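Chemist: One structure follows; several queries about it will come next.
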Amino acid sequence: MARHQKLDLILEGLTIENVAAEGKAITHSEDGQVVFVEFAVPGDIVDVKITRKKKAFMEGHIIRIVKPSERRLEPFCKHFGICGGCRWQPLPYDIQLESKRRQVYDQLTRIGHLSVPEVLPTIGSARTVFYRNKLEFTASNKRWILPEEDPEALSDKEKVGLGFHVGKFFDKVLDIEKCHLQSEPSNAIRLFIKDYALKHDIPFYDIRNNCGVLRNMFVRTTDAGSVMLIVCFGEASEAIFPLLDAVAAAFPQISSLYYIINSKKNDSVSDQTCILYKGEEAIYEQMEGLRFKIGPKSFYQTNTLQAYELYKVARDWAATSLSMTSTPARAPSRSSSLPAHPG
């Protein structure tokens, strides 16, 4: 049943049917129209507020879970639903993996109009939390205000944040207490820098007006325990070096400490100079007998363990292809399937 309230469309009692792309789930309205729903799990019965209506589909978010799916999980992060990351927390991992496998097949067949064989199951990651080796955090003097907060009652210092951009809002940053994407000392370094900046009156960046000192920070880690920190400042300031000295003293495990002065209106640092302040110019990651040198601008797969799984698949299939070339009469045992892909 649907009803209109002040131009808002609410669809009641929808049963979530399946997982869709980009962290959404899919269902259908009473008249058969496709509805994409955020943060839903197959089997949920929900009331949905429609936020976007097109000819072929609608999009919306849950305003009430009438009956949760038996497979729905409790989100492990307190920032779930506001932070733009980790959108599948309520979804069991096996469903996530199957959804990725199906998405690959659908994009090849329905979008690419290709005839393809079976797509093998997605290779799951051994770690589903604390698996990233790189994170970027953004500072803001006007953080995202939570629904339960009264903005008029907050001081200027209580309105700053150091965290992630809120989805669909380029100028809003959610202050993060704990992120489950990267292992320590990532969280501790971020909290230390925020606290130091507040105590020493270092201005947080104003995204709209392109001013302020503390702008961004990047943390890179390796499985061996090496840490690289790059602190990005929006403008030159005498406060920069005392801050860097303080964080280096507090975290001796930081083996490579850089800073950047970025006065541009965008956060990209690919065209900026990374200045080595203390420590080594790079950190190193091991993979089998290979040693990878990682600098402040280097690209490296963000999930180190899963990158190894990806490379093993590529290597095995390359070996199979070579075997087929050298001995044409011998067909590979899995020649009828596409290679599995890491999740």
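Simple scheme: letters A, B, ... for chains in structure tokens order, numbers from 1 for residues in each chain, numbers from 1 for ligands in the order shown.
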Quick one: residues within 7 Å of Asp44 of chain A, only C-alpha atoms, excluding same-chain residues fewer than 6 positions away - as a list of chain:residue names?
Modeler: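 Here the answer would be A:Thr15, A:Ile16, A:Lys67, A:Pro68, A:Ser69.
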Chemist: Determine which residues of segment 53-290 of chain A receive a DSSP assignment of strand (DSSP E or B), computed from the backbone, and state them as a ChimeraX atom specification.
Modeler: /A:53,57-67,83,118-119,123,132,134-140,143,161-166,173-175,204,206,211,214-221,227-233,254-261,275-279,283-287,290
Chemist: Which is closest to Pro242 of chain A among A:Arg102, A:His165, A:Lys142, A:His200, if we use only C-alpha atoms?
Modeler: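 For Pro242 of chain A, the nearest of the candidates is A:His200.
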Chemist: Measure the distance from atom CA of Phe130 of chain A to atom CA of Gly85 of chain A in Å and round it to one decimal.
Modeler: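 Atom CA of Phe130 of chain A sits 13.1 Å away from atom CA of Gly85 of chain A.
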Chemist: Pick out the closest residue to Lys100 of chain A from this set: A:Ala246, A:Ala20, A:Leu146, A:Ala25. Count only C-alpha atoms.
Modeler: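 That would be A:Ala20, the residue with the smallest distance to Lys100 of chain A.
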Chemist: Have a look at atom CA of Ala224 of chain A and atom CA of Tyr93 of chain A and let me know their distance in Å, one decimal.
Modeler: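 Separation between atom CA of Ala224 of chain A and atom CA of Tyr93 of chain A: 26.7 Å.
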Chemist: Give me, as a list in words, all polymer residues having an atom no more than 6 Å from Asp175 of chain A, counting only C-alpha atoms and skipping those fewer than 5 positions away in the same chain.
Modeler: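 Near neighbours after the sequence-gap exclusion: Gly161, Leu162 and Gly163 of chain A.
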Chemist: How many Å lie between atom CA of Met58 of chain A and atom CA of Ile45 of chain A, rounded to one decimal?
Modeler: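 We find that atom CA of Met58 of chain A and atom CA of Ile45 of chain A lie 17.2 Å from each other.
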Chemist: Residues within 10 Å of Phe218 of chain A, please, as a list in words. Count only C-alpha atoms; anything in the same chain fewer than 2 positions from it doesn't count.
Modeler: Lys134, Leu135, Glu136, Phe137, Thr138, Ser186, Arg190, Asn216, Arg220, Met228, Leu229, Ile230, Val231, Cys232, Tyr258, Tyr259 and Pro296 of chain A
Chemist: Store the residues picked out above, limited to N, CA and C atoms, as an mmCIF file, in the first residue's frame.
Modeler:
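In the end it all went to part-v6.cif:
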```cif
data_model
loop_
_atom_site.group_PDB
_atom_site.id
_atom_site.type_symbol
_atom_site.label_atom_id
_atom_site.label_comp_id
_atom_site.auth_asym_id
_atom_site.auth_seq_id
_atom_site.Cartn_x
_atom_site.Cartn_y
_atom_site.Cartn_z
ATOM 1 N N LYS A 134 45.548 1.388 3.746
ATOM 2 C CA LYS A 134 45.595 2.833 3.523
ATOM 3 C C LYS A 134 44.234 3.443 3.816
ATOM 4 N N LEU A 135 44.229 4.549 4.540
ATOM 5 C CA LEU A 135 43.010 5.316 4.778
ATOM 6 C C LEU A 135 43.329 6.799 4.711
ATOM 7 N N GLU A 136 42.340 7.552 4.254
ATOM 8 C CA GLU A 136 42.442 9.013 4.244
ATOM 9 C C GLU A 136 41.342 9.592 5.128
ATOM 10 N N PHE A 137 41.706 10.516 5.987
ATOM 11 C CA PHE A 137 40.747 11.204 6.844
ATOM 12 C C PHE A 137 40.762 12.695 6.516
ATOM 13 N N THR A 138 39.606 13.318 6.603
ATOM 14 C CA THR A 138 39.465 14.728 6.261
ATOM 15 C C THR A 138 39.086 15.536 7.489
ATOM 16 N N SER A 186 46.106 3.336 13.490
ATOM 17 C CA SER A 186 45.380 4.278 12.645
ATOM 18 C C SER A 186 44.416 5.145 13.444
ATOM 19 N N ARG A 190 44.809 9.299 14.481
ATOM 20 C CA ARG A 190 43.785 10.290 14.106
ATOM 21 C C ARG A 190 43.266 11.030 15.332
ATOM 22 N N ASN A 216 43.902 17.259 5.749
ATOM 23 C CA ASN A 216 43.743 15.818 5.538
ATOM 24 C C ASN A 216 44.871 15.069 6.221
ATOM 25 N N ARG A 220 49.236 4.865 6.067
ATOM 26 C CA ARG A 220 49.551 3.656 5.315
ATOM 27 C C ARG A 220 50.256 2.694 6.246
ATOM 28 N N MET A 228 53.288 4.624 7.700
ATOM 29 C CA MET A 228 53.598 5.894 7.055
ATOM 30 C C MET A 228 52.451 6.851 7.331
ATOM 31 N N LEU A 229 52.779 8.071 7.742
ATOM 32 C CA LEU A 229 51.769 9.096 7.981
ATOM 33 C C LEU A 229 52.075 10.296 7.098
ATOM 34 N N ILE A 230 51.054 10.739 6.359
ATOM 35 C CA ILE A 230 51.165 11.956 5.555
ATOM 36 C C ILE A 230 50.109 12.929 6.064
ATOM 37 N N VAL A 231 50.529 14.064 6.582
ATOM 38 C CA VAL A 231 49.600 15.071 7.083
ATOM 39 C C VAL A 231 49.539 16.200 6.065
ATOM 40 N N CYS A 232 48.330 16.527 5.648
ATOM 41 C CA CYS A 232 48.135 17.554 4.628
ATOM 42 C C CYS A 232 47.570 18.820 5.282
ATOM 43 N N TYR A 258 55.537 12.287 6.507
ATOM 44 C CA TYR A 258 55.539 13.308 5.460
ATOM 45 C C TYR A 258 54.533 14.409 5.798
ATOM 46 N N TYR A 259 54.715 15.553 5.134
ATOM 47 C CA TYR A 259 53.659 16.563 5.162
ATOM 48 C C TYR A 259 53.526 17.198 3.785
ATOM 49 N N PRO A 296 54.645 7.738 -0.585
ATOM 50 C CA PRO A 296 53.418 8.448 -0.212
ATOM 51 C C PRO A 296 52.379 8.514 -1.324
#
```
Chemist: Which residues come within 8 Å of Gly167 of chain A, counting only C-alpha atoms, excluding same-chain residues fewer than 5 positions away, as an NGL selection string?
Modeler: :A and (82-84)
Chemist: Include N, CA, C and O atoms and write out the residues we just selected as a PDB file, in the first residue's frame.
Modeler:
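Once everything was written out, this is out_17.pdb:
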```pdb
ATOM      1  N   ILE A  82      25.481   6.482   8.536  1.00  0.00           N
ATOM      2  CA  ILE A  82      25.822   7.886   8.285  1.00  0.00           C
ATOM      3  C   ILE A  82      27.115   7.954   7.492  1.00  0.00           C
ATOM      4  O   ILE A  82      27.194   8.623   6.471  1.00  0.00           O
ATOM      5  N   CYS A  83      28.136   7.266   7.973  1.00  0.00           N
ATOM      6  CA  CYS A  83      29.381   7.151   7.228  1.00  0.00           C
ATOM      7  C   CYS A  83      29.074   6.467   5.895  1.00  0.00           C
ATOM      8  O   CYS A  83      28.256   5.557   5.821  1.00  0.00           O
ATOM      9  N   GLY A  84      29.753   6.881   4.851  1.00  0.00           N
ATOM     10  CA  GLY A  84      29.478   6.316   3.533  1.00  0.00           C
ATOM     11  C   GLY A  84      30.080   4.948   3.287  1.00  0.00           C
ATOM     12  O   GLY A  84      29.826   4.335   2.244  1.00  0.00           O
TER      13      GLY A  84
END
```
Chemist: Going by DSSP on the backbone, which bits of segment 91-272 of chain A are alpha helix (DSSP H)? Write them as a count of residues only, please.
Modeler: 39
